[in-house]
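run19.txt follows; it contains compact mmCIF, C-alpha atoms and all ligand atoms.
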# COMPACT_ATOMS: atom_id res chain seq x y z
CA MET B 577 -3.07 -188.44 239.20
CA SER B 578 -3.76 -184.78 239.86
CA THR B 579 -5.89 -182.93 237.35
CA THR B 580 -5.74 -179.54 235.67
CA TYR B 581 -8.49 -177.85 233.70
CA ILE B 582 -7.39 -175.22 231.18
CA LEU B 583 -10.13 -172.78 230.21
CA VAL B 584 -9.92 -171.40 226.67
CA ALA B 585 -12.00 -168.45 225.51
CA GLY B 586 -11.71 -168.44 221.72
CA ASP B 587 -7.91 -168.14 221.53
CA ALA B 588 -5.59 -171.14 221.29
CA ARG B 589 -2.43 -169.39 222.54
CA ILE B 590 -2.00 -171.55 225.67
CA ASP B 591 1.51 -173.04 225.54
CA ALA B 592 2.47 -171.34 228.83
CA LEU B 593 -0.57 -172.91 230.51
CA VAL B 594 0.28 -176.37 229.16
CA GLU B 595 3.82 -175.90 230.47
CA LEU B 596 2.51 -174.88 233.91
CA ALA B 597 0.29 -178.00 234.01
CA GLN B 598 3.18 -180.42 233.32
CA GLY B 599 2.92 -183.63 235.35
CA THR B 600 -0.86 -183.47 235.71
CA SER B 601 -3.69 -184.82 233.60
CA THR B 602 -4.91 -181.86 231.55
CA THR B 603 -8.32 -181.19 230.07
CA ALA B 604 -8.95 -178.05 228.05
CA VAL B 605 -12.47 -176.66 228.04
CA VAL B 606 -12.84 -174.68 224.82
CA VAL B 607 -15.39 -172.00 224.09
CA GLY B 608 -14.96 -170.97 220.47
CA THR B 609 -14.97 -172.32 216.97
CA ARG B 610 -14.04 -175.85 215.92
CA SER B 611 -10.74 -174.56 214.54
CA VAL B 612 -9.81 -173.18 217.99
CA ALA B 613 -10.69 -176.54 219.56
CA GLU B 614 -8.48 -178.29 216.99
CA ALA B 615 -5.56 -175.94 217.67
CA VAL B 616 -5.94 -176.56 221.41
CA ALA B 617 -6.09 -180.34 220.82
CA ALA B 618 -2.69 -180.04 219.09
CA SER B 619 -1.13 -178.07 221.93
CA GLY B 620 -0.18 -180.93 224.25
CA VAL B 621 -3.24 -181.25 226.50
CA ASP B 622 -4.59 -184.75 227.25
CA ALA B 623 -8.25 -184.08 226.39
CA VAL B 624 -10.44 -181.34 224.95
CA THR B 625 -14.03 -180.63 225.88
CA TRP B 626 -15.53 -178.39 223.19
CA LEU B 627 -18.74 -176.51 223.79
CA GLY B 628 -19.70 -176.41 220.11
CA GLU B 629 -20.00 -173.52 217.66
CA PRO B 630 -20.82 -170.40 219.67
CA GLY B 631 -23.12 -168.82 217.08
CA ASP B 632 -24.31 -165.34 218.10
CA ALA B 633 -23.32 -165.71 221.75
CA PRO B 634 -20.11 -164.07 223.02
CA VAL B 635 -17.68 -166.24 224.97
CA GLU B 636 -18.78 -164.68 228.24
CA ALA B 637 -22.29 -166.11 227.77
CA TYR B 638 -20.81 -169.57 228.38
CA ALA B 639 -19.16 -168.71 231.71
CA SER B 640 -21.75 -170.41 233.91
CA THR B 641 -21.74 -173.54 231.70
CA VAL B 642 -17.95 -173.71 231.92
CA ALA B 643 -18.11 -173.21 235.68
CA THR B 644 -20.63 -176.05 236.03
CA LEU B 645 -18.38 -178.38 234.01
CA VAL B 646 -15.40 -177.47 236.20
CA ALA B 647 -17.42 -177.95 239.38
CA SER B 648 -18.50 -181.44 238.36
CA ALA B 649 -14.91 -182.42 237.52
CA GLN B 650 -13.41 -180.91 240.72
CA PRO B 651 -9.87 -180.51 239.28
CA ASP B 652 -6.96 -179.67 241.54
CA VAL B 653 -5.98 -176.66 239.43
CA VAL B 654 -7.78 -174.43 236.93
CA LEU B 655 -5.63 -172.41 234.54
CA ALA B 656 -6.69 -169.57 232.24
CA SER B 657 -4.94 -166.99 230.15
CA SER B 658 -5.02 -163.36 231.28
CA ARG B 659 -6.89 -162.23 228.16
CA PRO B 660 -10.18 -160.52 229.10
CA ALA B 661 -12.71 -163.22 228.13
CA ASP B 662 -10.53 -165.97 229.63
CA ARG B 663 -10.51 -164.05 232.91
CA VAL B 664 -14.32 -164.09 232.92
CA LEU B 665 -14.31 -167.89 232.62
CA ALA B 666 -11.67 -168.17 235.37
CA GLY B 667 -13.69 -165.92 237.68
CA ALA B 668 -16.85 -167.98 237.18
CA ALA B 669 -14.90 -171.21 237.85
CA ALA B 670 -13.32 -169.76 241.01
CA ALA B 671 -16.72 -168.68 242.30
CA VAL B 672 -18.37 -172.04 241.77
CA LEU B 673 -15.40 -173.96 243.23
CA GLY B 674 -15.06 -171.55 246.15
CA ALA B 675 -11.38 -171.41 245.17
CA PRO B 676 -8.90 -168.54 245.42
CA ALA B 677 -7.63 -167.05 242.15
CA PHE B 678 -3.97 -166.12 241.65
CA THR B 679 -2.00 -164.03 239.16
CA GLN B 680 1.77 -163.58 238.52
CA VAL B 681 2.28 -167.33 239.08
CA SER B 682 5.47 -169.02 237.86
CA ALA B 683 5.02 -172.54 239.29
CA VAL B 684 2.10 -174.71 240.41
CA THR B 685 2.55 -178.01 242.27
CA VAL B 686 -0.22 -180.28 243.49
CA VAL B 687 0.82 -181.47 246.96
CA ALA B 688 -0.73 -184.00 249.36
CA ASP B 689 -3.25 -181.62 250.88
CA GLY B 690 -3.77 -178.99 248.22
CA VAL B 691 -1.83 -176.83 245.79
CA GLU B 692 1.44 -174.94 246.23
CA LEU B 693 2.04 -171.85 244.10
CA THR B 694 5.05 -169.63 243.51
CA ARG B 695 4.29 -166.11 242.38
CA SER B 696 6.01 -162.79 242.13
CA VAL B 697 4.94 -159.98 244.45
CA PHE B 698 5.80 -156.31 245.04
CA GLY B 699 6.02 -155.65 241.33
CA GLY B 700 8.32 -158.56 240.68
CA ILE B 701 11.09 -157.85 243.19
CA ALA B 702 10.20 -160.84 245.42
CA GLN B 703 8.81 -164.36 245.11
CA GLU B 704 6.09 -165.66 247.41
CA THR B 705 5.07 -169.28 247.98
CA ASP B 706 1.43 -169.94 248.86
CA GLN B 707 -0.34 -173.13 249.83
CA VAL B 708 -4.04 -173.68 249.21
CA SER B 709 -5.88 -176.53 250.91
CA GLY B 710 -8.17 -177.21 247.98
CA PRO B 711 -8.38 -176.27 244.32
CA ALA B 712 -6.67 -173.15 242.99
CA VAL B 713 -7.46 -170.97 239.98
CA VAL B 714 -4.47 -169.40 238.22
CA VAL B 715 -4.51 -166.64 235.59
CA VAL B 716 -1.28 -166.00 233.67
CA ASP B 717 -0.13 -164.93 230.20
CA GLY B 718 -1.23 -167.78 227.92
CA GLY B 719 1.86 -167.58 225.72
CA ALA B 720 1.82 -168.81 222.12
CA VAL B 721 0.13 -171.58 220.13
CA ALA B 722 1.83 -174.94 220.69
CA THR B 723 1.88 -177.82 218.22
CA GLY B 724 2.67 -181.52 218.24
CA GLY B 725 -0.18 -182.88 220.39
CA SER B 726 -3.23 -184.83 219.24
CA ALA B 727 -5.87 -184.95 221.97
CA ALA B 728 -9.37 -186.21 221.21
CA ILE B 729 -12.09 -183.56 221.06
CA ALA B 730 -15.31 -184.35 222.93
CA GLU B 731 -18.19 -182.07 221.93
CA VAL B 732 -20.73 -181.41 224.66
CA THR B 733 -24.09 -179.73 224.33
CA ALA B 734 -23.69 -176.35 225.97
CA SER B 735 -26.11 -173.55 226.53
CA ALA B 736 -25.19 -169.90 226.51
CA ILE B 737 -26.97 -167.35 228.69
CA PRO B 738 -29.91 -166.64 226.32
CA THR B 739 -30.15 -162.94 227.17
CA LEU B 740 -26.73 -162.18 225.65
CA THR B 741 -25.96 -162.02 221.91
CA VAL B 742 -23.42 -160.28 219.70
CA THR B 743 -25.28 -157.74 217.57
CA GLU B 744 -22.38 -156.21 215.63
CA ASN B 745 -18.65 -156.60 214.97
CA ARG B 746 -16.65 -153.74 213.47
CA PRO B 747 -12.96 -152.79 213.39
CA ALA B 748 -11.67 -150.75 216.34
CA GLU B 749 -11.19 -147.07 215.64
CA ARG B 750 -7.59 -147.34 216.76
CA ALA B 751 -5.10 -150.14 216.35
CA VAL B 752 -4.33 -152.00 219.57
CA VAL B 753 -0.60 -152.39 220.07
CA ASP B 754 0.82 -155.70 221.32
CA LEU B 755 3.92 -154.47 223.16
CA GLY B 756 4.43 -157.91 224.68
CA ARG B 757 5.59 -159.22 221.31
CA ALA B 758 7.62 -156.20 220.18
CA GLN B 759 11.31 -156.86 219.53
CA ARG B 760 12.35 -153.21 219.92
CA ILE B 761 10.66 -150.53 222.00
CA VAL B 762 11.37 -146.81 222.32
CA SER B 763 9.60 -145.52 225.41
CA ALA B 764 8.91 -141.87 226.26
CA GLY B 765 8.65 -140.34 229.73
CA ARG B 766 7.89 -137.02 231.38
CA GLY B 767 11.22 -135.70 230.16
CA VAL B 768 9.31 -135.02 226.93
CA LYS B 769 7.89 -131.60 227.61
CA ALA B 770 5.01 -131.34 225.13
CA LYS B 771 2.78 -133.64 223.14
CA ASP B 772 4.09 -132.20 219.88
CA ASP B 773 7.61 -133.28 220.91
CA LEU B 774 6.58 -136.95 220.82
CA GLY B 775 7.42 -136.78 217.12
CA LEU B 776 11.11 -136.89 218.15
CA VAL B 777 10.59 -140.18 219.97
CA GLU B 778 8.41 -141.61 217.20
CA SER B 779 11.02 -140.75 214.55
CA LEU B 780 13.65 -142.58 216.57
CA ALA B 781 11.30 -145.56 216.90
CA ALA B 782 10.70 -145.53 213.14
CA ALA B 783 14.45 -145.42 212.47
CA LEU B 784 14.91 -148.46 214.72
CA GLY B 785 11.85 -150.32 213.44
CA ALA B 786 10.56 -150.18 217.04
CA GLU B 787 7.17 -149.83 218.72
CA THR B 788 6.56 -146.67 220.73
CA ALA B 789 5.69 -146.97 224.41
CA CYS B 790 5.66 -144.64 227.42
CA SER B 791 5.66 -144.27 231.18
CA ARG B 792 2.33 -144.14 232.98
CA PRO B 793 1.95 -140.34 233.29
CA LEU B 794 1.96 -139.98 229.51
CA ALA B 795 -0.96 -142.41 229.21
CA GLU B 796 -2.94 -141.89 232.40
CA GLY B 797 -2.38 -138.28 233.35
CA LEU B 798 -1.63 -136.53 230.07
CA GLY B 799 -3.50 -138.89 227.76
CA TRP B 800 -0.82 -138.52 225.07
CA TYR B 801 -0.81 -142.28 224.49
CA THR B 802 -3.44 -144.98 224.98
CA HIS B 803 -3.29 -147.21 228.04
CA ASP B 804 -2.05 -150.21 226.05
CA ARG B 805 1.23 -148.34 225.47
CA TYR B 806 2.44 -147.76 229.00
CA VAL B 807 4.95 -150.10 230.55
CA GLY B 808 5.17 -151.08 234.19
CA VAL B 809 3.65 -152.90 237.10
CA THR B 810 0.15 -151.68 236.29
CA GLY B 811 0.89 -151.38 232.56
CA GLN B 812 2.40 -153.76 230.04
CA GLN B 813 5.14 -156.30 230.82
CA VAL B 814 7.54 -156.32 227.88
CA SER B 815 10.52 -158.43 226.88
CA PRO B 816 12.04 -156.93 223.73
CA GLU B 817 15.58 -157.31 222.47
CA LEU B 818 15.99 -153.55 222.98
CA TYR B 819 14.21 -151.18 225.39
CA LEU B 820 15.24 -147.57 224.90
CA ALA B 821 13.91 -145.27 227.65
CA VAL B 822 13.80 -141.58 226.76
CA GLY B 823 13.36 -139.12 229.64
CA ILE B 824 12.02 -141.75 232.03
CA SER B 825 13.24 -141.50 235.63
CA GLY B 826 13.24 -145.25 236.28
CA GLN B 827 10.91 -145.64 239.24
CA LEU B 828 10.47 -149.29 240.20
CA GLN B 829 6.82 -149.28 239.08
CA HIS B 830 8.03 -148.58 235.56
CA THR B 831 11.23 -150.61 235.36
CA VAL B 832 9.68 -153.91 236.52
CA GLY B 833 7.64 -153.85 233.33
CA ALA B 834 10.82 -153.83 231.23
CA ARG B 835 12.93 -156.30 233.20
CA GLY B 836 12.46 -158.91 230.50
CA ALA B 837 14.31 -156.72 227.99
CA ARG B 838 17.64 -158.09 226.80
CA THR B 839 19.31 -154.69 226.41
CA VAL B 840 18.18 -151.49 228.13
CA VAL B 841 19.36 -148.05 227.03
CA ALA B 842 18.36 -145.00 229.08
CA ILE B 843 18.63 -141.37 227.99
CA ASN B 844 18.28 -138.89 230.82
CA SER B 845 19.66 -135.43 231.61
CA ASP B 846 20.04 -136.34 235.28
CA LYS B 847 23.18 -138.43 235.86
CA ASP B 848 21.61 -139.77 239.06
CA ALA B 849 18.38 -140.95 237.40
CA PRO B 850 17.39 -144.33 238.94
CA PHE B 851 17.08 -145.90 235.48
CA PHE B 852 20.85 -145.73 235.09
CA ALA B 853 21.24 -148.32 237.86
CA GLU B 854 19.35 -150.85 235.69
CA ALA B 855 20.36 -149.83 232.18
CA ASP B 856 23.04 -151.56 230.11
CA TYR B 857 23.88 -148.32 228.31
CA CYS B 858 23.41 -144.91 229.96
CA VAL B 859 23.31 -141.69 227.93
CA VAL B 860 23.50 -138.60 230.14
CA GLY B 861 22.17 -135.75 228.06
CA ASP B 862 19.27 -133.64 226.92
CA LEU B 863 16.86 -135.81 224.95
CA TYR B 864 16.15 -132.85 222.67
CA GLN B 865 19.74 -133.10 221.45
CA VAL B 866 20.47 -136.81 221.88
CA VAL B 867 17.33 -138.22 220.24
CA PRO B 868 17.52 -136.28 216.94
CA ALA B 869 21.25 -137.05 216.71
CA LEU B 870 20.59 -140.75 217.25
CA THR B 871 17.77 -140.74 214.69
CA ALA B 872 19.97 -139.01 212.13
CA ALA B 873 22.77 -141.50 212.74
CA LEU B 874 20.39 -144.45 212.27
CA SER B 875 18.59 -143.08 209.20
C1 LIG B 901 0.73 -148.04 242.51
C2 LIG B 901 1.52 -147.38 241.43
C3 LIG B 901 1.64 -148.02 240.22
C4 LIG B 901 2.38 -147.43 239.18
N1 LIG B 901 2.51 -148.11 238.00
C5 LIG B 901 3.26 -147.55 237.03
C6 LIG B 901 3.48 -148.24 235.79
O1 LIG B 901 2.96 -149.34 235.57
N2 LIG B 901 4.25 -147.65 234.85
C7 LIG B 901 4.84 -146.43 235.06
O2 LIG B 901 5.54 -145.94 234.14
N3 LIG B 901 4.67 -145.77 236.21
C8 LIG B 901 3.89 -146.29 237.19
N4 LIG B 901 3.71 -145.61 238.34
C9 LIG B 901 4.26 -144.24 238.43
C10 LIG B 901 5.75 -144.26 238.76
O3 LIG B 901 5.93 -144.37 240.14
C11 LIG B 901 6.41 -142.96 238.27
O4 LIG B 901 5.74 -141.87 238.84
C12 LIG B 901 6.41 -142.81 236.77
O5 LIG B 901 6.95 -143.97 236.16
C13 LIG B 901 7.27 -141.60 236.40
O6 LIG B 901 7.23 -141.40 235.01
P1 LIG B 901 8.44 -140.66 234.32
O7 LIG B 901 9.72 -141.30 234.68
O8 LIG B 901 8.10 -140.55 232.88
O9 LIG B 901 8.35 -139.18 234.93
P2 LIG B 901 9.28 -138.43 235.97
O10 LIG B 901 9.41 -139.19 237.23
O11 LIG B 901 8.75 -137.04 236.05
O12 LIG B 901 10.71 -138.43 235.29
C14 LIG B 901 11.04 -137.68 234.15
C15 LIG B 901 12.51 -137.91 233.87
O13 LIG B 901 12.88 -137.21 232.70
C16 LIG B 901 14.17 -136.66 232.90
N5 LIG B 901 14.28 -135.49 232.01
C17 LIG B 901 13.67 -134.29 232.14
N6 LIG B 901 13.99 -133.49 231.11
C18 LIG B 901 14.82 -134.20 230.32
C19 LIG B 901 15.48 -133.92 229.09
N7 LIG B 901 15.32 -132.75 228.47
N8 LIG B 901 16.26 -134.88 228.55
C20 LIG B 901 16.41 -136.10 229.16
N9 LIG B 901 15.80 -136.40 230.33
C21 LIG B 901 15.01 -135.48 230.89
C22 LIG B 901 14.22 -136.30 234.36
O14 LIG B 901 15.57 -136.24 234.82
C23 LIG B 901 13.46 -137.45 234.98
O15 LIG B 901 14.33 -138.50 235.34
C24 LIG B 901 2.99 -146.17 239.38
C25 LIG B 901 2.86 -145.54 240.62
C26 LIG B 901 2.13 -146.13 241.62
C27 LIG B 901 2.02 -145.42 242.94
Please lay out the structure from this file as structure tokens.
Amino acid sequence: MSTTYILVAGDARIDALVELAQGTSTTAVVVGTRSVAEAVAASGVDAVTWLGEPGDAPVEAYASTVATLVASAQPDVVLASSRPADRVLAGAAAAVLGAPAFTQVSAVTVVADGVELTRSVFGGIAQETDQVSGPAVVVVDGGAVATGGSAAIAEVTASAIPTLTVTENRPAERAVVDLGRAQRIVSAGRGVKAKDDLGLVESLAAALGAETACSRPLAEGLGWYTHDRYVGVTGQQVSPELYLAVGISGQLQHTVGARGARTVVAINSDKDAPFFAEADYCVVGDLYQVVPALTAALS
């Protein structure tokens, strides 16, 4: 039977990886606390290899140990979540296996002479099928915590890179937003003329109980919002019930990030704005009039 190794860096949200590995024998290699290993063991994998309590070492200090374990097992496929520390483990595994690493993958099949992968390309407007004659490493959104499984946990003696230790942990100065899990999003674009005017958009978001997001120029060029708030091909992929775009033109690089939204509403003063071709509801008007009126109606 073909084999899949799932690499876990301290976070048990791997149900999408377990789903992707269906039909193969799955072993999860867990760097993290015992409670993370136990949550992974309950997620539907066949076996768990746990590297023991990490102590003062950050997850990344175990990358070479994880890679060595993977190399000795020679699985057909290695899966990891796209969270930062998981990507470090995946990169180390790919290097030691001499395997290519893939993102944006929706299906993985082990075939007679390698691995076949389906993945989205060009910002999600096309699907590509690739074949690898050898193992493949795949990095995708890990998903949520799954329950119902009961794999045995095998603890192995693992060594972290001794030169690396955590010296301090303190809360971030700003809250990190998780747009991927937001049910409603109000997103601002360059139609908003000044930073002070963002209050209009934020009031509408508050009235809707929504998160606030933006197009890339507001985060990268103007710095009005942090990078974790912009939506698009290089930003966040979101799938809310409602995505309300305020003064966003609707260039493909932005809209592909919101294609998972159930209902899209676009407000734009230009009746030919590209967003209107994708939106479910189109409001042609000046956001400086439409947004306050909408907020007042909802409050
Ligand atoms: C490689 C690459 C990757 C990229 N990745 C991303 C990405 O991930 N996310 C992203 O967002 N962009 C991305 N971009 C940039 C993208 O191509 C667009 O330039 C960007 O999305 C435009 O942002 P915008 O719609 O807010 O601004 P604009 O294009 O300037 O549009 C502003 C809109 O506001 C409307 N407007 C103006 N005044 C008003 C008003 N008073 N009331 C109502 N409407 C008004 C205008 O009609 C216009 O449609 C990327 C570009 C490249 C090249």
Neighbours of ligand LIG 901 (chain B) within 7 Å, counting all atoms listed in the file, as a PyMOL selection string? chain B and resi 764-768+790-793+806-811+822-830+833+843-846+849+861-864
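From CA of Val672 in chain B back to CA of Gln703 in chain B, the distance works out to 28.4 Å.
By only C-alpha atoms, and with residues fewer than 2 positions from Ala736 in chain B along its chain excluded, the set lying at most 8 Å from it is Ala633, Ala637, Tyr638, Thr641, Ala734, Pro738 and Leu740 of chain B.
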How close does range 616-732 of chain B get to range 597-610 of chain B? List, as CSV, each residue of range 616-732 of chain B within 8 Å, its nearest atom pair and the distance in Å to one decimal, counting all atoms listed in the file.
residue,atom,partner,partner_atom,distance
B:Val616,CA,B:Ala604,CA,7.4
B:Val621,CA,B:Thr602,CA,5.4
B:Asp622,CA,B:Thr602,CA,5.2
B:Ala623,CA,B:Thr603,CA,4.7
B:Val624,CA,B:Ala604,CA,4.8
B:Thr625,CA,B:Val605,CA,4.8
B:Trp626,CA,B:Val606,CA,4.9
B:Leu627,CA,B:Val607,CA,5.6
B:Gly628,CA,B:Thr609,CA,7.0
B:Glu629,CA,B:Thr609,CA,5.2
B:Pro630,CA,B:Gly608,CA,5.9
B:Val635,CA,B:Val607,CA,6.3
B:Tyr638,CA,B:Val607,CA,7.3
B:Val642,CA,B:Val605,CA,7.3
B:Val684,CA,B:Ala597,CA,7.4
Residues of the last selection are to be written out with C-alpha atoms, as an mmCIF file, keeping the file's coordinate frame.
data_model
loop_
_atom_site.group_PDB
_atom_site.id
_atom_site.type_symbol
_atom_site.label_atom_id
_atom_site.label_comp_id
_atom_site.auth_asym_id
_atom_site.auth_seq_id
_atom_site.Cartn_x
_atom_site.Cartn_y
_atom_site.Cartn_z
ATOM 1 C CA VAL B 616 -5.940 -176.560 221.410
ATOM 2 C CA VAL B 621 -3.240 -181.250 226.500
ATOM 3 C CA ASP B 622 -4.590 -184.750 227.250
ATOM 4 C CA ALA B 623 -8.250 -184.080 226.390
ATOM 5 C CA VAL B 624 -10.440 -181.340 224.950
ATOM 6 C CA THR B 625 -14.030 -180.630 225.880
ATOM 7 C CA TRP B 626 -15.530 -178.390 223.190
ATOM 8 C CA LEU B 627 -18.740 -176.510 223.790
ATOM 9 C CA GLY B 628 -19.700 -176.410 220.110
ATOM 10 C CA GLU B 629 -20.000 -173.520 217.660
ATOM 11 C CA PRO B 630 -20.820 -170.400 219.670
ATOM 12 C CA VAL B 635 -17.680 -166.240 224.970
ATOM 13 C CA TYR B 638 -20.810 -169.570 228.380
ATOM 14 C CA VAL B 642 -17.950 -173.710 231.920
ATOM 15 C CA VAL B 684 2.100 -174.710 240.410
#
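Straight-line separation from CA of Arg760 in chain B to CA of Glu787 in chain B: 6.3 Å.
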Which value, in Å to one decimal, gives the distance between CA of Glu595 in chain B and CA of Thr839 in chain B? 26.6 Å
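Minimum distance to Ala872 in chain B across B:Ala783, B:Met577, B:His803, B:Ala702 (counting all atoms listed in the file) occurs at B:Ala783.
Candidate residues B:Leu665, B:Val753, B:Leu593, B:Ile737 were compared for distance to Asp804 in chain B, and the nearest is B:Val753, using all atoms listed in the file.
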Across B:Ala722, B:Leu645, B:Val867, B:Val715, the smallest distance to Val664 in chain B, with only C-alpha atoms counted, is shown by B:Val715
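Shortest separation to Asp652 in chain B among B:Ala617, B:Ala677, B:Val713, B:Ala758 occurs at residue B:Val713, atoms counted being only C-alpha atoms.
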From the set B:Arg835, B:Arg805, B:Arg589, B:Arg659, which residue has the shortest atom-to-atom contact distance to Val762 in chain B, counting only C-alpha atoms? B:Arg805
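The residue that comes closest to Ser779 in chain B, out of B:Ile582, B:Ala661, B:Ala873, B:Ala643 and on the basis of all atoms listed in the file, is B:Ala873.
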Please report, as JSON, the centre and edge lengths in Å to one decimal of an axis-aligned box covering all listed atoms of range 733-738 of chain B with 8 Å per side.
{"center_x": -26.8, "center_y": -173.2, "center_z": 226.5, "size_x": 22.2, "size_y": 29.1, "size_z": 20.4}
Need the shell around Ala834 in chain B: protein/DNA/RNA residues with any atom at most 6 Å away, counting all atoms listed in the file. Skip same-chain ones fewer than 3 positions apart. Format as a PyMOL selection string? chain B and resi 814+831+837
What's the 12 Å shell around Ala671 in chain B, counting all atoms listed in the file, without same-chain residues fewer than 3 positions away, as a PyMOL selection string? chain B and resi 639-640+642-644+646-647+654+664-668+674-677+711-713
Could those residues be written to a file, using C-alpha atoms, as a compact mmCIF listing (two decimals), in the coordinates of the input?
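Result file follows (part.txt):
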# COMPACT_ATOMS: atom_id res chain seq x y z
CA ALA B 639 -19.16 -168.71 231.71
CA SER B 640 -21.75 -170.41 233.91
CA VAL B 642 -17.95 -173.71 231.92
CA ALA B 643 -18.11 -173.21 235.68
CA THR B 644 -20.63 -176.05 236.03
CA VAL B 646 -15.40 -177.47 236.20
CA ALA B 647 -17.42 -177.95 239.38
CA VAL B 654 -7.78 -174.43 236.93
CA VAL B 664 -14.32 -164.09 232.92
CA LEU B 665 -14.31 -167.89 232.62
CA ALA B 666 -11.67 -168.17 235.37
CA GLY B 667 -13.69 -165.92 237.68
CA ALA B 668 -16.85 -167.98 237.18
CA GLY B 674 -15.06 -171.55 246.15
CA ALA B 675 -11.38 -171.41 245.17
CA PRO B 676 -8.90 -168.54 245.42
CA ALA B 677 -7.63 -167.05 242.15
CA PRO B 711 -8.38 -176.27 244.32
CA ALA B 712 -6.67 -173.15 242.99
CA VAL B 713 -7.46 -170.97 239.98
If we count all atoms listed in the file and set the cut-off at 10 Å, which residues sit around Val840 in chain B, ignoring sequence neighbours fewer than 3 positions away in its own chain? Please answer as a PDB file with C-alpha atoms, in the frame of the given file.
ATOM      1  CA  ILE B 761      10.660-150.530 222.000  1.00  0.00           C
ATOM      2  CA  PRO B 816      12.040-156.930 223.730  1.00  0.00           C
ATOM      3  CA  GLU B 817      15.580-157.310 222.470  1.00  0.00           C
ATOM      4  CA  LEU B 818      15.990-153.550 222.980  1.00  0.00           C
ATOM      5  CA  TYR B 819      14.210-151.180 225.390  1.00  0.00           C
ATOM      6  CA  LEU B 820      15.240-147.570 224.900  1.00  0.00           C
ATOM      7  CA  ALA B 821      13.910-145.270 227.650  1.00  0.00           C
ATOM      8  CA  ALA B 834      10.820-153.830 231.230  1.00  0.00           C
ATOM      9  CA  ARG B 835      12.930-156.300 233.200  1.00  0.00           C
ATOM     10  CA  GLY B 836      12.460-158.910 230.500  1.00  0.00           C
ATOM     11  CA  ALA B 837      14.310-156.720 227.990  1.00  0.00           C
ATOM     12  CA  PHE B 851      17.080-145.900 235.480  1.00  0.00           C
ATOM     13  CA  PHE B 852      20.850-145.730 235.090  1.00  0.00           C
ATOM     14  CA  GLU B 854      19.350-150.850 235.690  1.00  0.00           C
ATOM     15  CA  ALA B 855      20.360-149.830 232.180  1.00  0.00           C
ATOM     16  CA  ASP B 856      23.040-151.560 230.110  1.00  0.00           C
ATOM     17  CA  TYR B 857      23.880-148.320 228.310  1.00  0.00           C
ATOM     18  CA  CYS B 858      23.410-144.910 229.960  1.00  0.00           C
TER      19      CYS B 858
END
